[in-house]
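J.: First, the structure itself, so that you have it in front of you.
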Amino acid sequence: MEKLIITVALTGNVPTRDLNSNLPVTPEEIARDVARCAEAGASLFHVHARDGQGRPTLDLEVFKEIARRIKDLAPEVIIQLSTGGRAGSDHRQRMAPVLLRPEMASFTTGSCNLPGIVYENSPAFLKDLARAFLEHGVKPEIEVFEPGMINNCLFLHQKGLLSPPFHFDFVLGAPGALPASVKNLLFLVESIPPGSTWSVAGIGSQEMPMAMAALTMGGHVRVGLEDNLFLPDGTPASNLSLVNWVVKAARLLGRAIATPDEAREILGLDHANKDRIMERI
Ligand code: ZN
């Protein structure tokens, strides 16, 4: 079986320190968490930015500072910046992290309901965002909350706006979107083109059950406080403790863990682009 890529969704837009005191919020805290999780076996880091008050922001300067500090403390890891919508609905701002030319950025290829909002990604926005990925040579992680989002990805590919191999992340169990079940996960995995890679991010208490399914199926795993604040035993999690939980499970199953460079091989990332983001920050 392919070595396991562990992705950490460190902060997200929704969790607060009141909900979990281990949440990294400032660029320094985020970078320190990255270094700790990288040491434990994580290779890919999904990054959101917060402002001085801890609120979600799309301010590029904050993204730059986070990237700078990560490169300083954990130079080998793969940085994936978020283009998610909760931090703001301005399309230009949402596309801006791609212009920093990180190795990867997230790309939700469709709309769905999420708690309290419609997570809106219109056809026109999807085309513009896909063009930005293509133009800047950034690999998208296709975030799939609903099955039709796979089809939208393939549509963009037909239009020449996305190029394979694709990496999908199935976000399952978000209230308002597709529930987390092994049946749904299997259906999604069987719906993506051959040669694609995939990971799963189960939301809340579904994080570890979905991670265990992916470990067994040969997929990859995303964990982190963005998606879930508690360990399976009910105690407050940290990003590190969630990574450690997955590493332990992978060991029990005999699944080897990918280093960042091995993750680059698996994802088809060009090693030459490893430090490219430094040119923009
Ligand atoms: Zn996110």
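Residues in the structure tokens are numbered from 1 in each chain, the chains being A, B, ... in the order shown, and ligands are numbered from 1 in the order shown.
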Using DSSP secondary structure from the backbone, list all strand (DSSP E or B) positions within segment 63-267 of chain A, as a PyMOL selection string.
T.: chain A and resi 78-81+104-108+112-114+117-119+139-144+167-172+197-202+220-223+230+236+257
J.: Tell me, as a list in words, which residues lie within 8 Å of segment 214-219 of chain A, counting only C-alpha atoms; anything in the same chain fewer than 5 positions away does not count.
T.: Met1, Glu2, Leu4, Thr197, Trp198, Ser199, Val200, Ala250, Leu253 and Arg255 of chain A
J.: I'd like a table as a tab-separated table: residues in chain A with an atom no more than 7 Å from ligand 1, each row giving the shortest atom pair and its distance in Å to one decimal, only C-alpha atoms and all ligand atoms counted, sorted by chain and rising residue number.
T.:
```
residue	atom	partner	partner_atom_place_in_ligand_line	distance
A:Ala9	CA	ligand 1	1 (Zn)	6.4
A:Gly12	CA	ligand 1	1 (Zn)	4.9
A:His46	CA	ligand 1	1 (Zn)	6.5
A:Val47	CA	ligand 1	1 (Zn)	6.9
A:His48	CA	ligand 1	1 (Zn)	6.3
A:Ser82	CA	ligand 1	1 (Zn)	5.6
A:Gly84	CA	ligand 1	1 (Zn)	6.0
A:Glu226	CA	ligand 1	1 (Zn)	6.7
```
J.: What gap, in Å, lies between atom CA of Asn113 of chain A and atom CA of Glu146 of chain A?
T.: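 Computed distance, atom CA of Asn113 of chain A to atom CA of Glu146 of chain A, equals 10.0 Å.
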J.: Could you work out how far atom CA of Leu178 of chain A lies from atom CA of Ile6 of chain A, giving the answer in Å with one decimal?
T.: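 Computed distance, atom CA of Ile6 of chain A to atom CA of Leu178 of chain A, equals 22.2 Å.
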J.: Extract, using only C-alpha atoms, all DNA, RNA and protein residues at most 7 Å from segment 49-60 of chain A, discarding same-chain residues fewer than 5 positions from it, and format them as a list in words.
T.: Asn13, Val25, Thr26, Ala87, Gln93, Arg94 and Pro97 of chain A
J.: Could you tell me, as a PyMOL selection string, which residues of segment 2-238 of chain A DSSP assigns to helix (DSSP H, G or I) when given the backbone?
T.: chain A and resi 27-40+60-73+91-99+123-136+148-158+182-191+204-217
